[in-house]
There are 2 protein chains.
Amino acid sequence: MPVVTKARKLPQRSQLLLNLWLCSEDHRQMMDQSLGSIHGIAYIEYLVLHHLAQAPGGALRRIDLARTISRSASGVTRLLRPMEKIGLVTKEHSERDARVSIVALTDAGRERLRDATRSLNQLSEKFTASINDKELARVESALAALATRPLAS
Amino acid sequence: MPVVTKARKLPQRSQLLLNLWLCSEDHRQMMDQSLGSIHGIAYIEYLVLHHLAQAPGGALRRIDLARTISRSASGVTRLLRPMEKIGLVTKEHSERDARVSIVALTDAGRERLRDATRSLNQLSEKFTASINDKELARVESALAALATRPLAS
DNA sequence: GTATTATTCTTGAGTGTGCAAGTAAAATGC
DNA sequence: GCATTTTACTTGCACACTCAAGAATAATAC
């Protein structure tokens, strides 16, 4: 007689994190495709433009950018290369520290960001249409609690 | 005089999705590292084992597995190869349809899943320690609403 | 039954990512 | 000042993933 091990459900917290992951993956794929086909940039590239625009002077050290978007330093190097090539950002040198190189938003980058933001907002509206503002606020605060670092709001 | 464009904050819903993504990425990286160092499997491999265990008979068609874990068919082919090699799963043929190949959990796979689940639960507890059960339930229902397909609970 | 279309899976090519190692420069210790 | 350590960045390598194309089989149309 074969031993049948009953498949068990996971505890609520494990299941929640699994669902968080799957849901976020689906959302990212959708955003990647939409932003890619409409504006020619990936979601992660949008994130770069956005964070640069938020930074004073529209510029950041590469290492700070890397931490902000949860990528490695080498990841940032390779991510920025094509963005420099098409003129969305430029590479500048720090006068104080010869090790650091600064990545700065160009006018073209600012324009692309503005256009892409319109699409992003529409897509986000659509994607979150099923939950109301009250629920939204709750999820927002729960996410902030979960995060291992301060989140923008 | 230089034109200064004021950096604007994003609408709440766009910002929420951005935060959801970042939070989920951090969580995934943490899980990957922990499960990898302790049990030698990636988070995505854990997900495979888990879904196989949930399926009747501990087996699934590759294409169904792919949809469940939000990966492409080719992604599943390459993901399963090393797992077959170390004996966590086996490849079987369908008698009804010669096109499909079935992936089935082995005893070793079941055992690895059981061990890894213990770690996963501990990690999940720790990761979600900052929110209480009530908030947890709210996030759970919000996630279910956001998802484009039914989520397990 | 035969032709056409759809489905399942695998493979090749291209892309994106991290890690480890290497380079250069700054900071620290003495 | 000089040696050591730390920091910022880039590059080589390995790996995971997708898409497009191809092979085999099933389903559908007629």
# chains A, B, ... in the order shown; residues from 1 in each chain; ligands from 1
>>> interface_residues(of="chain B", to="chain C", cutoff="12 Å", atoms="only C-alpha atoms (C1' of nucleotides)", output="list in words")
Gln29, Gln33, Arg61, Arg62, Ile63, Asp64, Ala66, Ser72, Ala73, Ser74, Gly75, Val76, Thr77, Arg78, Arg81, His93, Ser94, Asp97, Ala98, Arg99, Val100, Ser101 and Ile102 of chain B
>>> interface_residues(of="chain D", to="chain B", cutoff="10 Å", atoms="only C-alpha atoms (C1' of nucleotides)", output="PDB file with C-alpha atoms (C1' of nucleotides), in the first residue's frame")
ATOM      1  C1'  DA D  16      18.032  32.323 -15.323  1.00  0.00           C
ATOM      2  C1'  DC D  17      14.699  33.923 -18.200  1.00  0.00           C
ATOM      3  C1'  DT D  18      12.082  35.066 -22.646  1.00  0.00           C
ATOM      4  C1'  DC D  19      11.069  34.850 -27.460  1.00  0.00           C
ATOM      5  C1'  DA D  24       5.830  15.837 -32.558  1.00  0.00           C
ATOM      6  C1'  DT D  25       1.143  15.027 -31.652  1.00  0.00           C
ATOM      7  C1'  DA D  26      -3.769  16.062 -31.164  1.00  0.00           C
TER       8       DA D  26
END
>>> calpha_fit_and_write(fixed="chain B", moving="chain A", output="short mmCIF file (atom, residue, chain, number, x, y, z; two decimals) with N, CA and C atoms, in the first residue's frame")
data_model
loop_
_atom_site.label_atom_id
_atom_site.label_comp_id
_atom_site.auth_asym_id
_atom_site.auth_seq_id
_atom_site.Cartn_x
_atom_site.Cartn_y
_atom_site.Cartn_z
N MET A 1 18.93 81.74 -17.46
CA MET A 1 18.40 81.09 -16.26
C MET A 1 17.91 79.69 -16.59
N PRO A 2 18.39 78.71 -15.86
CA PRO A 2 18.01 77.33 -16.20
C PRO A 2 16.56 77.05 -15.81
N VAL A 3 15.93 76.25 -16.64
CA VAL A 3 14.55 75.85 -16.36
C VAL A 3 14.57 74.75 -15.31
N VAL A 4 13.93 75.00 -14.22
CA VAL A 4 13.88 73.98 -13.17
C VAL A 4 12.49 73.36 -13.13
N THR A 5 12.42 72.08 -13.47
CA THR A 5 11.15 71.38 -13.39
C THR A 5 11.04 70.75 -12.02
N LYS A 6 9.99 71.11 -11.33
CA LYS A 6 9.81 70.59 -9.99
C LYS A 6 9.48 69.10 -10.07
N ALA A 7 10.22 68.30 -9.31
CA ALA A 7 9.93 66.87 -9.27
C ALA A 7 8.62 66.63 -8.55
N ARG A 8 7.72 65.91 -9.18
CA ARG A 8 6.41 65.69 -8.59
C ARG A 8 6.29 64.30 -8.00
N LYS A 9 5.50 64.22 -6.98
CA LYS A 9 5.20 62.91 -6.41
C LYS A 9 4.23 62.17 -7.31
N LEU A 10 4.29 60.86 -7.28
CA LEU A 10 3.37 60.07 -8.08
C LEU A 10 2.03 59.96 -7.38
N PRO A 11 0.98 59.70 -8.15
CA PRO A 11 -0.32 59.41 -7.53
C PRO A 11 -0.20 58.18 -6.62
N GLN A 12 -1.09 58.11 -5.66
CA GLN A 12 -1.02 57.07 -4.65
C GLN A 12 -0.98 55.66 -5.23
N ARG A 13 -1.80 55.42 -6.23
CA ARG A 13 -1.89 54.05 -6.76
C ARG A 13 -0.63 53.64 -7.51
N SER A 14 -0.04 54.58 -8.23
CA SER A 14 1.22 54.26 -8.91
C SER A 14 2.31 53.99 -7.89
N GLN A 15 2.35 54.85 -6.88
CA GLN A 15 3.38 54.71 -5.85
C GLN A 15 3.23 53.38 -5.11
N LEU A 16 1.99 52.99 -4.86
CA LEU A 16 1.74 51.74 -4.17
C LEU A 16 2.28 50.55 -4.95
N LEU A 17 2.05 50.54 -6.25
CA LEU A 17 2.51 49.43 -7.06
C LEU A 17 4.03 49.39 -7.13
N LEU A 18 4.63 50.58 -7.20
CA LEU A 18 6.09 50.66 -7.17
C LEU A 18 6.63 50.08 -5.87
N ASN A 19 6.01 50.45 -4.77
CA ASN A 19 6.45 49.95 -3.47
C ASN A 19 6.21 48.45 -3.34
N LEU A 20 5.10 48.00 -3.86
CA LEU A 20 4.79 46.57 -3.86
C LEU A 20 5.90 45.80 -4.55
N TRP A 21 6.33 46.33 -5.65
CA TRP A 21 7.37 45.68 -6.44
C TRP A 21 8.69 45.63 -5.66
N LEU A 22 9.12 46.80 -5.18
CA LEU A 22 10.39 46.87 -4.47
C LEU A 22 10.38 45.97 -3.23
N CYS A 23 9.29 46.02 -2.51
CA CYS A 23 9.18 45.22 -1.29
C CYS A 23 9.24 43.74 -1.62
N SER A 24 8.55 43.36 -2.66
CA SER A 24 8.52 41.96 -3.07
C SER A 24 9.89 41.49 -3.57
N GLU A 25 10.60 42.38 -4.25
CA GLU A 25 11.95 42.05 -4.73
C GLU A 25 12.90 41.79 -3.56
N ASP A 26 12.84 42.67 -2.57
CA ASP A 26 13.69 42.50 -1.40
C ASP A 26 13.37 41.18 -0.69
N HIS A 27 12.09 40.92 -0.57
CA HIS A 27 11.64 39.70 0.08
C HIS A 27 12.10 38.46 -0.69
N ARG A 28 12.01 38.51 -1.99
CA ARG A 28 12.42 37.37 -2.80
C ARG A 28 13.92 37.11 -2.68
N GLN A 29 14.69 38.20 -2.72
CA GLN A 29 16.14 38.04 -2.60
C GLN A 29 16.52 37.41 -1.28
N MET A 30 15.85 37.84 -0.22
CA MET A 30 16.12 37.29 1.10
C MET A 30 15.77 35.80 1.14
N MET A 31 14.62 35.45 0.62
CA MET A 31 14.18 34.05 0.61
C MET A 31 15.12 33.20 -0.23
N ASP A 32 15.51 33.72 -1.39
CA ASP A 32 16.42 33.00 -2.27
C ASP A 32 17.72 32.65 -1.55
N GLN A 33 18.27 33.65 -0.89
CA GLN A 33 19.53 33.44 -0.20
C GLN A 33 19.39 32.45 0.94
N SER A 34 18.36 32.62 1.75
CA SER A 34 18.18 31.74 2.90
C SER A 34 17.90 30.31 2.47
N LEU A 35 16.91 30.12 1.61
CA LEU A 35 16.58 28.77 1.16
C LEU A 35 17.77 28.15 0.43
N GLY A 36 18.48 28.98 -0.34
CA GLY A 36 19.63 28.49 -1.08
C GLY A 36 20.73 27.98 -0.16
N SER A 37 21.07 28.78 0.83
CA SER A 37 22.19 28.39 1.69
C SER A 37 21.81 27.24 2.62
N ILE A 38 20.56 27.19 3.06
CA ILE A 38 20.17 26.14 4.01
C ILE A 38 19.76 24.84 3.31
N HIS A 39 19.00 24.97 2.21
CA HIS A 39 18.43 23.77 1.59
C HIS A 39 18.87 23.55 0.15
N GLY A 40 19.66 24.47 -0.37
CA GLY A 40 20.16 24.28 -1.73
C GLY A 40 19.12 24.43 -2.82
N ILE A 41 18.03 25.13 -2.52
CA ILE A 41 17.03 25.37 -3.56
C ILE A 41 16.66 26.85 -3.60
N ALA A 42 16.31 27.31 -4.80
CA ALA A 42 15.87 28.69 -4.96
C ALA A 42 14.40 28.80 -4.56
N TYR A 43 13.96 30.02 -4.33
CA TYR A 43 12.57 30.26 -3.96
C TYR A 43 11.63 29.70 -5.03
N ILE A 44 12.00 29.92 -6.28
CA ILE A 44 11.14 29.44 -7.37
C ILE A 44 11.07 27.91 -7.37
N GLU A 45 12.18 27.27 -6.97
CA GLU A 45 12.17 25.80 -6.90
C GLU A 45 11.29 25.33 -5.74
N TYR A 46 11.33 26.09 -4.66
CA TYR A 46 10.42 25.78 -3.56
C TYR A 46 8.98 25.82 -4.05
N LEU A 47 8.69 26.86 -4.84
CA LEU A 47 7.34 27.03 -5.35
C LEU A 47 6.92 25.84 -6.20
N VAL A 48 7.85 25.33 -6.99
CA VAL A 48 7.56 24.15 -7.81
C VAL A 48 7.21 22.95 -6.92
N LEU A 49 8.06 22.69 -5.94
CA LEU A 49 7.82 21.56 -5.05
C LEU A 49 6.46 21.72 -4.35
N HIS A 50 6.20 22.94 -3.90
CA HIS A 50 4.96 23.19 -3.18
C HIS A 50 3.73 22.92 -4.04
N HIS A 51 3.76 23.42 -5.25
CA HIS A 51 2.59 23.24 -6.12
C HIS A 51 2.42 21.79 -6.55
N LEU A 52 3.53 21.10 -6.71
CA LEU A 52 3.43 19.67 -7.03
C LEU A 52 2.78 18.92 -5.86
N ALA A 53 3.21 19.27 -4.66
CA ALA A 53 2.66 18.59 -3.48
C ALA A 53 1.17 18.86 -3.34
N GLN A 54 0.73 20.04 -3.76
CA GLN A 54 -0.69 20.38 -3.66
C GLN A 54 -1.51 19.64 -4.71
N ALA A 55 -0.87 19.32 -5.84
CA ALA A 55 -1.60 18.70 -6.95
C ALA A 55 -1.94 17.25 -6.62
N PRO A 56 -3.05 16.76 -7.12
CA PRO A 56 -3.43 15.37 -6.87
C PRO A 56 -2.38 14.41 -7.44
N GLY A 57 -1.89 13.51 -6.63
CA GLY A 57 -0.87 12.56 -7.07
C GLY A 57 0.52 13.16 -7.09
N GLY A 58 0.65 14.41 -6.66
CA GLY A 58 1.96 15.04 -6.64
C GLY A 58 2.56 15.22 -8.02
N ALA A 59 1.71 15.37 -9.02
CA ALA A 59 2.20 15.49 -10.40
C ALA A 59 1.40 16.51 -11.18
N LEU A 60 2.06 17.15 -12.13
CA LEU A 60 1.43 18.16 -12.97
C LEU A 60 1.97 18.08 -14.38
N ARG A 61 1.16 18.52 -15.33
CA ARG A 61 1.69 18.72 -16.68
C ARG A 61 2.60 19.95 -16.62
N ARG A 62 3.65 19.92 -17.43
CA ARG A 62 4.61 21.03 -17.39
C ARG A 62 3.95 22.36 -17.72
N ILE A 63 3.05 22.32 -18.65
CA ILE A 63 2.42 23.57 -19.08
C ILE A 63 1.55 24.16 -17.97
N ASP A 64 0.91 23.28 -17.21
CA ASP A 64 0.08 23.77 -16.10
C ASP A 64 0.96 24.33 -15.00
N LEU A 65 2.08 23.66 -14.76
CA LEU A 65 3.03 24.17 -13.77
C LEU A 65 3.52 25.56 -14.18
N ALA A 66 3.82 25.71 -15.46
CA ALA A 66 4.32 26.99 -15.97
C ALA A 66 3.33 28.11 -15.66
N ARG A 67 2.05 27.86 -15.94
CA ARG A 67 1.05 28.90 -15.69
C ARG A 67 0.94 29.20 -14.21
N THR A 68 1.01 28.16 -13.41
CA THR A 68 0.86 28.34 -11.97
C THR A 68 1.94 29.23 -11.38
N ILE A 69 3.16 29.06 -11.87
CA ILE A 69 4.26 29.83 -11.30
C ILE A 69 4.64 31.03 -12.16
N SER A 70 3.79 31.38 -13.13
CA SER A 70 4.03 32.56 -13.96
C SER A 70 5.37 32.51 -14.69
N ARG A 71 5.65 31.38 -15.29
CA ARG A 71 6.85 31.27 -16.08
C ARG A 71 6.50 30.75 -17.47
N SER A 72 7.39 30.94 -18.42
CA SER A 72 7.15 30.44 -19.77
C SER A 72 7.42 28.94 -19.82
N ALA A 73 6.95 28.31 -20.87
CA ALA A 73 7.17 26.87 -21.02
C ALA A 73 8.66 26.54 -21.06
N SER A 74 9.40 27.38 -21.77
CA SER A 74 10.84 27.11 -21.86
C SER A 74 11.51 27.33 -20.51
N GLY A 75 11.03 28.30 -19.79
CA GLY A 75 11.55 28.52 -18.45
C GLY A 75 11.40 27.30 -17.58
N VAL A 76 10.25 26.65 -17.70
CA VAL A 76 9.99 25.44 -16.91
C VAL A 76 10.91 24.30 -17.33
N THR A 77 11.09 24.15 -18.62
CA THR A 77 12.00 23.11 -19.11
C THR A 77 13.37 23.23 -18.46
N ARG A 78 13.91 24.45 -18.48
CA ARG A 78 15.25 24.66 -17.93
C ARG A 78 15.27 24.64 -16.42
N LEU A 79 14.18 25.05 -15.82
CA LEU A 79 14.10 25.04 -14.35
C LEU A 79 14.08 23.62 -13.81
N LEU A 80 13.38 22.73 -14.52
CA LEU A 80 13.21 21.37 -14.01
C LEU A 80 14.43 20.49 -14.23
N ARG A 81 15.22 20.80 -15.25
CA ARG A 81 16.34 19.92 -15.60
C ARG A 81 17.27 19.66 -14.40
N PRO A 82 17.78 20.71 -13.76
CA PRO A 82 18.63 20.43 -12.59
C PRO A 82 17.86 19.77 -11.44
N MET A 83 16.58 20.03 -11.33
CA MET A 83 15.80 19.41 -10.25
C MET A 83 15.64 17.91 -10.49
N GLU A 84 15.52 17.53 -11.76
CA GLU A 84 15.48 16.10 -12.09
C GLU A 84 16.83 15.47 -11.78
N LYS A 85 17.88 16.21 -12.12
CA LYS A 85 19.23 15.69 -11.95
C LYS A 85 19.53 15.34 -10.50
N ILE A 86 19.07 16.18 -9.58
CA ILE A 86 19.33 15.88 -8.18
C ILE A 86 18.18 15.09 -7.54
N GLY A 87 17.25 14.66 -8.38
CA GLY A 87 16.26 13.69 -7.90
C GLY A 87 15.10 14.25 -7.11
N LEU A 88 14.83 15.54 -7.26
CA LEU A 88 13.68 16.09 -6.53
C LEU A 88 12.37 15.82 -7.26
N VAL A 89 12.45 15.75 -8.57
CA VAL A 89 11.28 15.45 -9.39
C VAL A 89 11.66 14.45 -10.47
N THR A 90 10.66 13.82 -11.08
CA THR A 90 10.91 12.92 -12.21
C THR A 90 10.01 13.31 -13.36
N LYS A 91 10.45 12.90 -14.54
CA LYS A 91 9.69 13.19 -15.75
C LYS A 91 8.96 11.92 -16.15
N GLU A 92 7.66 12.04 -16.37
CA GLU A 92 6.88 10.89 -16.79
C GLU A 92 6.10 11.25 -18.04
N HIS A 93 5.67 10.21 -18.76
CA HIS A 93 4.93 10.46 -19.99
C HIS A 93 3.45 10.19 -19.79
N SER A 94 2.66 11.03 -20.39
CA SER A 94 1.22 10.81 -20.33
C SER A 94 0.85 9.68 -21.28
N GLU A 95 -0.05 8.82 -20.85
CA GLU A 95 -0.47 7.72 -21.71
C GLU A 95 -1.53 8.18 -22.70
N ARG A 96 -2.23 9.22 -22.32
CA ARG A 96 -3.33 9.67 -23.16
C ARG A 96 -2.86 10.59 -24.27
N ASP A 97 -1.84 11.39 -23.95
CA ASP A 97 -1.41 12.43 -24.90
C ASP A 97 0.11 12.40 -24.98
N ALA A 98 0.61 12.01 -26.15
CA ALA A 98 2.06 11.82 -26.29
C ALA A 98 2.81 13.14 -26.30
N ARG A 99 2.08 14.26 -26.39
CA ARG A 99 2.78 15.55 -26.39
C ARG A 99 3.21 15.95 -24.98
N VAL A 100 2.37 15.66 -24.04
CA VAL A 100 2.61 16.18 -22.70
C VAL A 100 3.59 15.31 -21.94
N SER A 101 4.41 15.96 -21.13
CA SER A 101 5.20 15.20 -20.18
C SER A 101 4.87 15.70 -18.78
N ILE A 102 4.79 14.76 -17.91
CA ILE A 102 4.32 15.02 -16.55
C ILE A 102 5.52 15.17 -15.63
N VAL A 103 5.46 16.14 -14.75
CA VAL A 103 6.52 16.25 -13.75
C VAL A 103 5.93 15.82 -12.41
N ALA A 104 6.64 14.90 -11.76
CA ALA A 104 6.12 14.32 -10.51
C ALA A 104 7.12 14.48 -9.38
N LEU A 105 6.60 14.70 -8.20
CA LEU A 105 7.42 14.83 -7.00
C LEU A 105 7.95 13.45 -6.60
N THR A 106 9.22 13.40 -6.24
CA THR A 106 9.79 12.15 -5.71
C THR A 106 9.74 12.19 -4.18
N ASP A 107 10.09 11.08 -3.57
CA ASP A 107 10.15 11.05 -2.10
C ASP A 107 11.18 12.05 -1.60
N ALA A 108 12.31 12.09 -2.30
CA ALA A 108 13.36 13.05 -1.92
C ALA A 108 12.83 14.48 -2.04
N GLY A 109 12.05 14.73 -3.09
CA GLY A 109 11.48 16.06 -3.28
C GLY A 109 10.53 16.42 -2.15
N ARG A 110 9.72 15.43 -1.76
CA ARG A 110 8.76 15.64 -0.67
C ARG A 110 9.50 15.96 0.63
N GLU A 111 10.59 15.24 0.84
CA GLU A 111 11.37 15.45 2.06
C GLU A 111 12.00 16.83 2.07
N ARG A 112 12.58 17.20 0.92
CA ARG A 112 13.20 18.52 0.82
C ARG A 112 12.17 19.61 1.04
N LEU A 113 11.00 19.40 0.48
CA LEU A 113 9.91 20.37 0.65
C LEU A 113 9.56 20.52 2.13
N ARG A 114 9.45 19.39 2.81
CA ARG A 114 9.08 19.42 4.23
C ARG A 114 10.11 20.22 5.03
N ASP A 115 11.38 19.92 4.79
CA ASP A 115 12.45 20.64 5.49
C ASP A 115 12.43 22.13 5.17
N ALA A 116 12.32 22.42 3.89
CA ALA A 116 12.38 23.82 3.46
C ALA A 116 11.18 24.60 3.97
N THR A 117 10.06 23.93 4.09
CA THR A 117 8.85 24.60 4.57
C THR A 117 9.04 25.10 5.99
N ARG A 118 9.74 24.30 6.79
CA ARG A 118 10.02 24.75 8.16
C ARG A 118 10.79 26.07 8.14
N SER A 119 11.82 26.12 7.33
CA SER A 119 12.60 27.36 7.22
C SER A 119 11.74 28.49 6.69
N LEU A 120 10.99 28.19 5.63
CA LEU A 120 10.15 29.23 5.02
C LEU A 120 9.19 29.82 6.03
N ASN A 121 8.59 28.99 6.82
CA ASN A 121 7.63 29.49 7.81
C ASN A 121 8.31 30.37 8.86
N GLN A 122 9.48 29.96 9.29
CA GLN A 122 10.20 30.79 10.24
C GLN A 122 10.55 32.14 9.63
N LEU A 123 11.07 32.10 8.39
CA LEU A 123 11.45 33.34 7.72
C LEU A 123 10.23 34.23 7.51
N SER A 124 9.12 33.62 7.14
CA SER A 124 7.92 34.40 6.88
C SER A 124 7.40 35.04 8.15
N GLU A 125 7.45 34.31 9.24
CA GLU A 125 7.07 34.87 10.55
C GLU A 125 7.89 36.12 10.84
N LYS A 126 9.19 35.95 10.65
CA LYS A 126 10.10 37.04 10.97
C LYS A 126 9.84 38.25 10.07
N PHE A 127 9.64 37.94 8.80
CA PHE A 127 9.49 39.02 7.82
C PHE A 127 8.19 39.79 8.04
N THR A 128 7.17 39.13 8.52
CA THR A 128 5.87 39.79 8.69
C THR A 128 5.58 40.10 10.15
N ALA A 129 6.60 40.03 10.98
CA ALA A 129 6.39 40.21 12.43
C ALA A 129 5.82 41.59 12.76
N SER A 130 6.10 42.56 11.87
CA SER A 130 5.70 43.93 12.19
C SER A 130 4.22 44.20 11.94
N ILE A 131 3.49 43.27 11.35
CA ILE A 131 2.06 43.52 11.16
C ILE A 131 1.25 42.43 11.88
N ASN A 132 0.14 42.84 12.44
CA ASN A 132 -0.67 41.89 13.22
C ASN A 132 -1.67 41.13 12.33
N ASP A 133 -2.38 40.19 12.93
CA ASP A 133 -3.24 39.30 12.15
C ASP A 133 -4.35 40.06 11.41
N LYS A 134 -4.83 41.10 12.04
CA LYS A 134 -5.92 41.86 11.43
C LYS A 134 -5.45 42.54 10.14
N GLU A 135 -4.32 43.22 10.27
CA GLU A 135 -3.76 43.87 9.08
C GLU A 135 -3.44 42.84 8.00
N LEU A 136 -2.91 41.71 8.47
CA LEU A 136 -2.54 40.64 7.56
C LEU A 136 -3.73 40.22 6.70
N ALA A 137 -4.86 40.04 7.37
CA ALA A 137 -6.06 39.61 6.66
C ALA A 137 -6.49 40.66 5.63
N ARG A 138 -6.32 41.93 5.99
CA ARG A 138 -6.68 43.00 5.06
C ARG A 138 -5.80 42.98 3.82
N VAL A 139 -4.51 42.84 4.05
CA VAL A 139 -3.60 42.78 2.91
C VAL A 139 -3.92 41.57 2.05
N GLU A 140 -4.23 40.49 2.70
CA GLU A 140 -4.56 39.26 1.98
C GLU A 140 -5.73 39.48 1.04
N SER A 141 -6.76 40.11 1.54
CA SER A 141 -7.94 40.30 0.69
C SER A 141 -7.68 41.32 -0.40
N ALA A 142 -6.88 42.34 -0.07
CA ALA A 142 -6.54 43.34 -1.09
C ALA A 142 -5.72 42.71 -2.21
N LEU A 143 -4.79 41.85 -1.83
CA LEU A 143 -3.97 41.15 -2.82
C LEU A 143 -4.83 40.28 -3.72
N ALA A 144 -5.76 39.56 -3.11
CA ALA A 144 -6.65 38.70 -3.88
C ALA A 144 -7.44 39.53 -4.89
N ALA A 145 -7.80 40.75 -4.50
CA ALA A 145 -8.54 41.62 -5.41
C ALA A 145 -7.65 42.10 -6.55
N LEU A 146 -6.40 42.39 -6.21
CA LEU A 146 -5.46 42.88 -7.23
C LEU A 146 -5.09 41.80 -8.24
N ALA A 147 -5.00 40.57 -7.75
CA ALA A 147 -4.49 39.50 -8.60
C ALA A 147 -5.37 39.27 -9.82
N THR A 148 -4.72 38.91 -10.89
CA THR A 148 -5.44 38.69 -12.14
C THR A 148 -5.93 37.25 -12.25
N ARG A 149 -5.75 36.50 -11.18
CA ARG A 149 -6.17 35.09 -11.18
C ARG A 149 -6.32 34.64 -9.74
N PRO A 150 -7.00 33.55 -9.48
CA PRO A 150 -7.23 33.12 -8.11
C PRO A 150 -5.92 32.81 -7.39
N LEU A 151 -5.84 33.27 -6.15
CA LEU A 151 -4.66 32.99 -5.34
C LEU A 151 -5.01 31.96 -4.28
N ALA A 152 -4.03 31.17 -3.91
CA ALA A 152 -4.24 30.21 -2.82
C ALA A 152 -4.30 30.94 -1.49
N SER A 153 -4.96 30.35 -0.55
CA SER A 153 -4.94 30.93 0.79
C SER A 153 -4.97 29.78 1.81
#
>>> select_by_dssp(residues="stretch 33-123 of chain B", states="helix (DSSP H, G or I)", output="VMD selection string")
chain B and resid 33 to 39 43 to 54 56 to 58 62 to 68 73 to 85 107 to 123
